[in-house]
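Notes follow once the structure below has been shown.
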Amino acid sequence: MAVVEGVFSLSGVLLALVLLLVLYVISAGERSSKSSLEPPEPPGPTPLPLLGNLLSLDLKKTHSSLCELARQYGPVFTVYLGPKKVVVLAGYRAVKEALVTQAEAFEDRDITPVFHDLNQGHGLIFSNGSNWRSMRRFSLAVLRDLGMGRSSSQQRILDEARHLLDTFSNYKGEPFDTSAPLNYAASNVISSIVYGTRFSLDDPYFTRMVQRANHNFKLSGSASMQVYNLFPAIGRWVRNREQLVRNSKENQLDMSSLIGRLRDSLNPADCRGFVDAFIMRQHTEQKAAGGSEPVFHEKNLVNCVSNLFSAGTDTTGTTLRWALLLMAKYPHIQERVHEELERVIGSRLPVADDRRLLPVTDAVLHETQRLANVFPMSLPHRTTQDVNIMGYRIKKGTSVFPLLASVLNDETEWEEPNRFHPEHFLDADGGFRKRDAFMPFSAGRRVCLGEALAKMELFLIFVSLLQRFRFTAPPGVSEEELDLTPVVGSTLNPPPHKLCALPRT
Ligand code: HEM
């Protein structure tokens, strides 16, 4: 049986190779016979059959390889990831022109095989068309009603900050790894918005969900998953894929059981969170439905909850980790922040409105997000129609990577693109200076749905921590030795490290 399977798959691979070669020859012919009046397709390195340009890319840090190619081919270029054609947008002008100026043409998500396996086109992040529009509109409205980015969500974040201060105090100034406490804090903020309650940090149910979501973030950016996305037929041989699907199924089971408990205790007069609002909307839809397909079904509910949970945890937790590491590495900047906090708000609890009185703190947080560049390739988009951009033609249905790393690092926009330089965000009078090329949340119709919440979380948690502690390298490790070389997954993480949180007297 194994031999028959082997022969079958070998002949399948050969057939696929021949087909790809034919397609390659036809498309090369098409490329050369197009009318010279039409704008050309974006330039790029010559692809090999089947492999495309894979040999010129380092899949362990694809974003860096693409930034290199942008130097050679310009702000809009084509690259073949295996047989898959991708147009890369590099630098502030190209990304803004596509995602903002021509928003409609670039609004679709390119749903790669791994994310199709996990979401089947449901939910928020990996869905398109009317399903995505309904889920996005509904989620934004509910999160706004629940106070996202406004003063009412402030309390949830400050509660979480208080727990974090206790956790950090328990280390009594000894070195510790900041990842788990910061991820749990970020995760609990989104959990309290989604379910209406936070979890205790020793609840294994909760810690397992966070660990699986974070593990999946890492796995989905791994080299083997990128290869799987290009050649999905190899799926069953990719161990990371099996693990990813298992993590996702286990998380969805846990989430379904939490949703079940909320459904049983639902009180329509008291909306506890996103899940309650969704269930109430399901009821309204059922009453109104005249035979039309339901949109607010269970699969959309579970996938929205799981999308919000994973999108809201790793990104925010990782950014906070970068912020503390940068403070330990640059103590003189940490002291500037602390001096400003002491002078303006003293030891009272911060509130969101304090941000405009704290330009140095605000600039340090913005610069952290710029340099940390946690989502270097954003998520892939796909063109909804033929479109011309910066003198090039991109066909409908093409996968597009908005290379956020190249925007946050754009040499034409930033005075010191490669160094931690909070002055990027300060004007000559020491006031906060907004910068157009600050795009860690992307832009346009797919812009991060949690941007307002994430900004408030980063601010309130960072300020609470810096008021109470001075962050330093462990004894015997100098500031110079604190390494900033990122570990690449779907997000860019600080390398493993420990810090000391020394209480301020
Ligand atoms: C520092 C923290 C965060 C960063 C840097 C970040 C960044 C991003 C980026 C770059 C995208 C892709 C946008 C695109 O496709 O062009 C995205 C999408 C998304 N983010 Fe965030 N994010 C953060 C926090 C959050 C939080 C706290 C939530 C939870 C509410 C969240 C929910 C989402 C969702 C649901 C999407 C998908 C939007 C869609 O496809 O319509 N994010 N985020």
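Simple scheme: letters A, B, ... for chains in structure tokens order, numbers from 1 for residues in each chain, numbers from 1 for ligands in the order shown.
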
(request) Step one, run DSSP on the backbone; step two, keep only residues of stretch 328-417 of chain A assigned to strand (DSSP E); then write them as a PyMOL selection string. (result) chain A and resi 381-382+387-389+392-394+399-403

What does the file look like for those residues with N, CA, C and O atoms, as a tab-separated table (two decimals), in the first residue's frame?
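File produced: out14.tsv:
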```
chain	number	residue	atom	x	y	z
A	381	HIS	N	-2.59	40.73	1.64
A	381	HIS	CA	-3.83	41.21	1.02
A	381	HIS	C	-3.96	40.58	-0.36
A	381	HIS	O	-3.04	39.90	-0.83
A	382	ARG	N	-5.08	40.84	-1.04
A	382	ARG	CA	-5.27	40.34	-2.41
A	382	ARG	C	-6.08	41.37	-3.17
A	382	ARG	O	-7.01	41.96	-2.61
A	387	VAL	N	-5.60	46.77	-11.13
A	387	VAL	CA	-5.34	48.09	-10.57
A	387	VAL	C	-3.96	48.59	-11.02
A	387	VAL	O	-3.05	47.79	-11.21
A	388	ASN	N	-3.86	49.91	-11.25
A	388	ASN	CA	-2.56	50.51	-11.60
A	388	ASN	C	-2.02	51.25	-10.38
A	388	ASN	O	-2.74	52.00	-9.74
A	389	ILE	N	-0.75	51.03	-10.09
A	389	ILE	CA	-0.16	51.71	-8.95
A	389	ILE	C	1.29	52.07	-9.25
A	389	ILE	O	2.05	51.22	-9.71
A	392	TYR	N	2.61	50.83	-12.44
A	392	TYR	CA	2.59	49.39	-12.72
A	392	TYR	C	1.16	48.87	-12.66
A	392	TYR	O	0.30	49.44	-11.99
A	393	ARG	N	0.94	47.75	-13.37
A	393	ARG	CA	-0.38	47.12	-13.40
A	393	ARG	C	-0.34	45.85	-12.54
A	393	ARG	O	0.58	45.04	-12.66
A	394	ILE	N	-1.33	45.74	-11.65
A	394	ILE	CA	-1.43	44.49	-10.87
A	394	ILE	C	-2.78	43.87	-11.21
A	394	ILE	O	-3.82	44.55	-11.17
A	399	SER	N	-1.79	38.23	-4.97
A	399	SER	CA	-1.44	38.36	-3.56
A	399	SER	C	-0.50	39.57	-3.38
A	399	SER	O	0.41	39.76	-4.18
A	400	VAL	N	-0.76	40.36	-2.34
A	400	VAL	CA	0.03	41.59	-2.14
A	400	VAL	C	0.55	41.63	-0.69
A	400	VAL	O	-0.22	41.44	0.24
A	401	PHE	N	1.85	41.84	-0.54
A	401	PHE	CA	2.43	41.99	0.80
A	401	PHE	C	2.72	43.47	1.07
A	401	PHE	O	3.64	44.02	0.46
A	402	PRO	N	1.99	44.11	1.99
A	402	PRO	CA	2.40	45.47	2.39
A	402	PRO	C	3.54	45.31	3.40
A	402	PRO	O	3.31	44.88	4.52
A	403	LEU	N	4.75	45.65	2.99
A	403	LEU	CA	5.94	45.38	3.80
A	403	LEU	C	6.07	46.47	4.87
A	403	LEU	O	6.80	47.45	4.69
```

(request) Do a neighbour search on A:Val302 at 10 Å with only C-alpha atoms, toss out local chain neighbours closer than 6 positions, and write the hits as number ranges by chain. (result) A: 119, 122-123, 251-253, 255-256, 259, 275

(message) Please extract the residues of stretch 200-439 of chain A with a backbone DSSP assignment of alpha helix (DSSP H) and present them as a PyMOL selection string.
(response) chain A and resi 204-220+223-230+239-264+274-288+298-329+331-344+359-372+404-408

(message) What's around stretch 313-327 of chain A at 9 Å? Count only C-alpha atoms, leave out sequence neighbours fewer than 3 positions away in its own chain, and write the answer as a ChimeraX atom specification.
(response) /A:178-190,210,213-214,217,308-310,330-335,364-365,368-369,372-375,420,454-455,457-458,461-462,466,470-473,482,484,491-494,497-499

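As for atom CA of A:Arg239 and atom CA of A:Met225, they are spaced 9.3 Å apart.
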
(request) Would you list the contacts of A:Ala352 as a list in words, taking every protein, DNA or RNA residue within 8 Å and counting only C-alpha atoms, but skipping same-chain residues closer than 3 positions in sequence? (result) Ser151, Gln154, Arg355, Met456, Phe459 and Leu460 of chain A

(message) Can you tell me which residues surround stretch 42-52 of chain A at a distance of at most 9 Å, considering only C-alpha atoms, apart from same-chain residues fewer than 3 positions away, and format the answer as a PyMOL selection string?
(response) chain A and resi 17+20-21+24+39+55-56+69+72-74+76-85+87+391-394
